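A.B. asks: What follows is a structure written as structure tokens; I'll ask about it next.
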Amino acid sequence: MEEKLCLDIKNLTTIFKTGKGKIKAVNDLSLRLGKGELLGLVGESGCGKSVTLLSILRLIPYPGEIISGNILFEGNDLLKKNASDIRKIRGMKISMVFQDPMTTLNPVFKVGEQIRESLAIHGFIKPMDGKRFLGNFFDRYRRKEERRQVIELMEQVGISMPESRYVEYPHQFSGGMQQRALIAIALSCNPSLILADEPTTALDVTIQAQILELLKRVNQERNTSMILVTHNLGVASEFCHRIAVMYAGRMVEVGSVDSIVQKPLHPYTKGLLNSIPKITKKLQRIEPIPGNVPDLIDLPEGCAFKPRCQSAQDHCDDLPPLKDLDKGHFVMCHLY
Amino acid sequence: MRRAEIEDKGSMQNRIYFLKIRCRLFWQNQRDIFLRMVAHRSALLGGIIVSLFILLAFMAPWIVPHNPFEGDLFKRLVPPFWMPGSTNYLLGGDELGRDIFSRIIAGAKISIWIGFLSVGISILVGTILGAFSGFYRGLFDELISRFAEILLAFPFLIFAIGVMAMLGPGFWNLIFALTFKGWVEFFRLIRGEVMSEATKEYVEAAKAVGQKNWLIMMREILPNVIHSLIVLGTLRMGYMIIMEASLSFLGLGIQPPMPAWGSMVNSGRPYMLNAWWISTFPGLAILILVLSINLLGEGLRDILDPRLRID
Amino acid sequence: MRWIKIIERILATIPVMLGVAIMVFAFMRLTPGDPVDLMMGEAGVVSQAEIKAIREQFKLDQPLIKQLLFYLSGLVRGDLGTSFKKKEPVWDLILDRFPATMELALGSLLLGLAIGMPIGIWSAVKQSSALDRVSMFGSFFGISMPPFWLGLILIIFFSAYLGWLPVSGRIDYGLEPRFITGMYVIDGLLMGQVDSLISSLEHLLLPSVTLGVALAAIIARVMRSSMLEVMRQDYVTLARAKGNHEFTVIHKHALRNALIPTVTVVGIQIGVLLGGNMIVETVFGWPGIGRLAVDAIFARDYPLVQGVVIIYSFTYVMANLMVDILYTLINPKIKL
């Protein structure tokens with residue numbers, strides 16, 4: 001039985017042209033996401049996770065460029081769409097939650113208005129008697145309806161006293177509430193896919209848990225697929241159905257969360273798991289992965305993890321193929 | 001480990017040692033800055049032109065083709081060399097028969113000097129006052145800040161005109177007029193910097209060790225500020241030169257027969273229709289000089305302190 | 001609430017104005033040269049009694065402190081004294097010419113904004129393009145240009161050489177419109193007197209350009225650099241991710257934030273504008289208070305100079321106040 005795929009990324013490559021050379025932020029990445037699935041995209045800073053998300057929505061800023069690949073969303077290739085179609089998808093079918101809510105919310109506009117903007121852009125509320133353009137602009141019924149929906153949304157994401165919060169500015173919100181507001185923006189048009197770029201990194205641990213709870217609830221209630229980008233494997237294992245591990249622009253391992261956590265295959269994944277101190281074990285040395293994240297300019301062609309890998313061999317200079325080892329658990333390593 | 005040994009050996013030797021290291025680092029730094037400046041195209045252009053002007057200005061007495069003060073009455077209002085009826089006056093003759101080109105070269109010295117001196121004195125006064133104000137605060141700070149605020153309520157030119165009218169024309173009067181309002185900017189800059197640095201911990205540490213106040217200011221605070229000063233000073237210089245020219249234009253600055261570019265432009269006014277070159281070329285000289293100074297200043301800003309991006 | 005703060009601000013300017021008044025007074029009194037001599041110089045031989053009478057009339061025989069007090073008390077009542085030279089009340093003389101200067105200032109301001117802002121925005125949006133480089137270089141020219149020279153060049157070219165525009169003055173003789181505001185352009189517009197309107201616009205154009213160019217250059221540069229700052233921010237990316245049209249992203253989301261530092265700079269420039277008025281008025285023979293001031297200074301006409309300087313300062317302070325108010329409207333974080 002073929003499950004309809006929500007997102008199918010094939011051989012995506014995104015580069016940045018800088019004065020010092022070309023940076024391959026995303027290097028021939030292929031990834032699949034099913035409907036209603038929660039995928040965690042894990043890796044250290046700079047491995048290309050955020051760029052992947054931005055590539056999906058084609059939000060890559062100059063001097064970056066998507067140079068090859070296909071991104072199939074519900075069957076349609078997003079990279080082949082023109083600007084106006086992409087704009088219809090952004091915010092409506094696919095929405096994004098960013099990392100630091102303080103800088104992501106526009107400081108000069110009221111929070112309620114910013115949420116309402118999403119509804120307004122996509123014409124979510126149909127005007128009463130099908131008025132067009134200018135009528136649309138001034139239609140008071142529409143504005144009231146939108147406002148009502150925004151307040152409802154704010155309640156759903158857990159912002160207390162939404163009526164008074166509507167007219168406040170971002171700097172008057174706490175970090176957790178700001179993030180909830182961002183999630184409200186993301187949810188407003190009932191998207192099928194939410195891309196969350198480290199939504200909890202800037203928040204306290206307790207708030208973190210709340211936000212993740214919220215997202216999980218959304219996923220359960222509305223069957224929204226999500227990609228959660230994080231550098232925290234612990235968060236990913238709590239939250240996601242599947243985990244994909246990225247390193248230096250490539251996906252090195254992907255599988256169900258149980259599979260990854262209990263039977264990690266790639267040396268990097270093993271290293272990441274070992275770096276997390278376990279609260280159950282008594283005395284332990286924290287084992288970091290030796291070395292640094294490589295400079296993404298002019299990467300060598302082979303396995304990028306080789307300099308830091310303890311099981312590295314000569315033939316690791318060639319790029320290993322992605323192998324399916326255990327019913328959907330893929331790994332890119334010569335060891336297998 | 002080595003340092004401790006040296007500390008023991010005797011303070012005089014230490015001091016020389018550290019001084020040497022500091023000097024070397026300093027010059028390396030300067031060389032680095034110089035190289036970057038050369039690489040920066042617009043700063044290079046600006047720098048070259050400014051140097052050219054300075055060279056011209058100082059070599060003026062020897063290189064002027066004609067005497068900038070003596071006029072040949074037969075050569076009144078002659079046109080520049082590409083127009084019919086011209087003589088060996090390169091850019092034409094003015095209303096008293098003097099060679100405009102020579103006068104421009106001679107005037108360069110005045111303009112550059114005035115720009116340099118007025119900015120220099122402004123920086124000096126502003127820095128000293130600002131440092132004291134920022135560091136000690138108190139009544140002194142209040143008074144001077146109020147004074148600065150009142151000064152700021154005057155548009156620059158009005159103030160300068162007023163002072164010049166009062167004191168009469170003359171070189172030093174002009175400098176006074178320009179600096180009297182000019183120091184305020186530097187005052188504010190230094191005061192702000194000193195205030196923010198003074199609350200930092202290393203200053204407290206230095207005080208605790210018994211370090212003299214003004215030494216603290218010099219050693220710690222100054223290096224951080226000097227880059228902003230240089231950038232701001234360079235940019236201000238162009239402005240001062242324009243101000244001086246404006247005052248001379250109104251007849252309140254350098255008086256004729258001294259060849260000040262501003263007054264040259266003014267003296268050409270009655271002849272705008274038939275001898276436009278009298279007003280045009282001196283003004284062009286001002287434009288080019290100020291333009292290159294600004295280019296240099298911008299380049300310096302790019303190199304020294306990219307933080308100061310907003311004008 | 002807000003209004004109280006505004007009134008507070010206005011009141012706070014009083015000590016500054018006081019300082020200004022005292023300073024002007026002191027300066028004038030310190031000038032070498034007896035104004036009575038200057039006045040009398042025109043009248044020929046005068047008797048001692050007449051000299052004494054003049055001194056009494058202008059209170060020049062009183063000790064300085066008393067003169068100062070007289071002056072200040074007059075100020076409060078709105079009486080700025082009587083001009084030595086013209087024997088008319090200073091207030092009237094100033095009022096007569098004030099609209100002219102105001103018209104010039106407004107014209108230059110509008111021109112500067114109209115040219116500077118779009119250029120600044122577009123240079124930032126199309127960074128490093130030909131437009132960007134050209135406009136940045138052009139702006140260098142703008143700020144390096146001595147205004148008196150630019151004015152003369154414009155006159156030489158457009159009036160003398162091409163003959164398109166008039167050389168000096170405000171309006172052709174006999175075409176003054178009915179007096180409402182004293183500003184010919186506005187009055188002409190309001191009264192529907194087209195030939196007055198055209199004539200006054202013709203006369204206003206070159207002087208406004210002269211002052212406006214420098215202003216436009218500065219505005220363009222500030223606008224550009226603050227737009228560049230802003231466009232890199234996360235909230236701009238979010239605005240795109242919501243599905244906004246690029247036009248909206250730039251002009252609604254980015255612009256409002258970029259205006260904040262721009263408004264500050266414009267406020268400072270207004271002072272320069274007022275100062276520059278004097279030069280331009282002289283070059284173009286514009287009958288405003290700038291010229292009045294220059295003539296008065298030359299003539300040692302104390303009361304007139306004092307009056308003009310005070311009015312200038314007052315206008316500057318008021319303009320800054322308005323800029324501050326504007327600032328608080330744009331930036332919700334600041335509450336005056």
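Ordering of the structure tokens sets the chain letters (A, B, ...); residue numbers start at 1 within each chain; ligands are numbered from 1 in the order shown.
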Identify all chain C residues at most 7 Å from chain A by counting only C-alpha atoms; ligands do not count. Present them as an NGL selection string.
C.D. replies: :C and (234-235 or 238 or 241-244 or 257 or 331-332)
A.B. asks: May I have the selected residues written with C-alpha atoms, as an mmCIF file, in the first residue's frame?
C.D. replies:
data_model
loop_
_atom_site.group_PDB
_atom_site.id
_atom_site.type_symbol
_atom_site.label_atom_id
_atom_site.label_comp_id
_atom_site.auth_asym_id
_atom_site.auth_seq_id
_atom_site.Cartn_x
_atom_site.Cartn_y
_atom_site.Cartn_z
ATOM 1 C CA ASP C 234 14.790 37.236 10.436
ATOM 2 C CA TYR C 235 11.460 38.982 10.404
ATOM 3 C CA LEU C 238 9.368 35.369 7.929
ATOM 4 C CA ALA C 241 7.700 32.785 4.345
ATOM 5 C CA LYS C 242 4.176 33.927 4.998
ATOM 6 C CA GLY C 243 3.705 34.300 1.321
ATOM 7 C CA ASN C 244 3.943 38.060 0.981
ATOM 8 C CA ASN C 257 12.068 49.468 10.534
ATOM 9 C CA ASN C 331 8.950 52.888 16.767
ATOM 10 C CA PRO C 332 6.596 51.412 19.317
#
A.B. asks: Report as a ChimeraX atom specification all protein, DNA and RNA residues lying within 12 Å of Leu273 of chain A, evaluated on only C-alpha atoms, omitting residues in the same chain fewer than 6 positions from it.
C.D. replies: /A:42-43,231-234,236-237,245,260-267,286-289
A.B. asks: Pull out every residue of chain B sitting within 8 Å of chain C, counting only C-alpha atoms, and send them as a ChimeraX atom specification.
C.D. replies: /B:146,149-151,153-158,161-163,165-167,238-239,242,245-246,249-250,265,269,272-273,276,279-280,283,286-288,290-291,294-295,309-311
A.B. asks: With distances taken over only C-alpha atoms, which of B:Ile114, B:Ile16, B:Ala43, B:Ile100 is nearest to Trp277 of chain B?
C.D. replies: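 Residue with the minimum atom-to-atom distance to Trp277 of chain B: B:Ile100.
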A.B. asks: Per DSSP on the backbone, filter segment 209-319 of chain C down to the residues in alpha helix (DSSP H) and report them as a VMD selection string.
C.D. replies: chain C and resid 209 to 231 234 to 241 246 to 248 255 to 284 289 to 298 302 to 319
A.B. asks: Could you pull out the residues in segment 146-199 of chain A that DSSP calls strand (DSSP E or B) from the backbone, as a ChimeraX atom specification?
C.D. replies: /A:193-197
A.B. asks: Give me, as a list in words, all polymer residues having an atom no more than 8 Å from segment 80-93 of chain B, counting only C-alpha atoms and skipping those fewer than 5 positions away in the same chain.
C.D. replies: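 Residues meeting the cut-off are Lys75, Arg98, Asp99, Ile100, Phe101, Trp277, Ile278 and Phe281 of chain B.
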A.B. asks: What's around segment 297-311 of chain A at 12 Å? Count only C-alpha atoms, leave out sequence neighbours fewer than 3 positions away in its own chain, and write the answer as an MDAnalysis selection string.
C.D. replies: chainID A and resid 15:28 46:47 246:252 266:271 288:294 314:322 332:336
A.B. asks: Could you write out the selected residues, including C-alpha atoms, as an mmCIF file, in the first residue's frame?
C.D. replies:
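Below is the file out-v8.cif, written as the result:
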data_model
loop_
_atom_site.group_PDB
_atom_site.id
_atom_site.type_symbol
_atom_site.label_atom_id
_atom_site.label_comp_id
_atom_site.auth_asym_id
_atom_site.auth_seq_id
_atom_site.Cartn_x
_atom_site.Cartn_y
_atom_site.Cartn_z
ATOM 1 C CA ILE A 15 25.321 26.454 -2.771
ATOM 2 C CA PHE A 16 26.472 29.859 -1.612
ATOM 3 C CA LYS A 17 28.847 31.803 -3.775
ATOM 4 C CA THR A 18 31.182 33.788 -1.625
ATOM 5 C CA GLY A 19 34.324 35.709 -2.352
ATOM 6 C CA LYS A 20 36.325 32.825 -0.985
ATOM 7 C CA GLY A 21 34.731 30.032 -2.937
ATOM 8 C CA LYS A 22 31.559 28.023 -3.287
ATOM 9 C CA ILE A 23 30.015 26.636 -0.167
ATOM 10 C CA LYS A 24 27.913 23.551 -0.696
ATOM 11 C CA ALA A 25 25.524 23.976 2.166
ATOM 12 C CA VAL A 26 23.300 21.148 1.004
ATOM 13 C CA ASN A 27 25.039 18.479 -1.003
ATOM 14 C CA ASP A 28 22.939 16.044 -3.017
ATOM 15 C CA GLY A 46 26.520 24.562 10.024
ATOM 16 C CA CYS A 47 25.663 21.151 8.615
ATOM 17 C CA MET A 246 23.035 15.409 8.615
ATOM 18 C CA TYR A 247 26.710 16.142 8.357
ATOM 19 C CA ALA A 248 28.455 18.701 6.160
ATOM 20 C CA GLY A 249 25.515 19.058 3.850
ATOM 21 C CA ARG A 250 24.780 15.406 3.388
ATOM 22 C CA MET A 251 22.366 13.076 5.067
ATOM 23 C CA VAL A 252 24.411 10.343 6.638
ATOM 24 C CA HIS A 266 26.964 5.758 11.385
ATOM 25 C CA PRO A 267 30.020 6.663 13.485
ATOM 26 C CA TYR A 268 28.796 10.223 13.662
ATOM 27 C CA THR A 269 25.429 9.219 15.023
ATOM 28 C CA LYS A 270 27.102 7.001 17.552
ATOM 29 C CA GLY A 271 29.312 9.912 18.523
ATOM 30 C CA PRO A 288 33.036 14.374 22.553
ATOM 31 C CA ILE A 289 33.653 13.749 18.928
ATOM 32 C CA PRO A 290 37.220 14.821 18.230
ATOM 33 C CA GLY A 291 37.949 17.529 15.729
ATOM 34 C CA ASN A 292 35.838 20.312 14.287
ATOM 35 C CA VAL A 293 33.072 20.669 11.779
ATOM 36 C CA PRO A 294 34.743 20.991 8.407
ATOM 37 C CA ASP A 314 41.487 4.449 2.878
ATOM 38 C CA HIS A 315 38.452 3.688 0.821
ATOM 39 C CA CYS A 316 36.551 6.333 2.743
ATOM 40 C CA ASP A 317 37.961 8.799 0.260
ATOM 41 C CA ASP A 318 35.234 7.633 -2.052
ATOM 42 C CA LEU A 319 31.747 8.644 -1.247
ATOM 43 C CA PRO A 320 29.873 5.739 0.275
ATOM 44 C CA PRO A 321 26.450 4.928 -1.129
ATOM 45 C CA LEU A 322 23.285 5.230 0.882
ATOM 46 C CA MET A 332 25.914 6.339 4.228
ATOM 47 C CA CYS A 333 29.053 4.630 5.411
ATOM 48 C CA HIS A 334 31.582 2.166 4.053
ATOM 49 C CA LEU A 335 31.334 0.083 7.182
ATOM 50 C CA TYR A 336 28.163 -1.469 5.896
#
A.B. asks: With a distance cut-off of 7 Å and only C-alpha atoms, select the neighbouring residues of Glu74 of chain A, excluding the residue or stretch itself and same-chain residues fewer than 6 positions from it, and output the selection as a PyMOL selection string.
C.D. replies: chain A and resi 5-7
A.B. asks: So what do you get for atom CA of Leu215 of chain A versus atom CA of Phe330 of chain A, distance-wise?
C.D. replies: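 Separating atom CA of Leu215 of chain A from atom CA of Phe330 of chain A is a distance of 26.4 Å.
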A.B. asks: Tell me, in Å to one decimal, how far atom CA of Ser55 of chain A is from atom CA of Ala244 of chain A.
C.D. replies: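 Interatomic distance, atom CA of Ser55 of chain A to atom CA of Ala244 of chain A: 16.8 Å.
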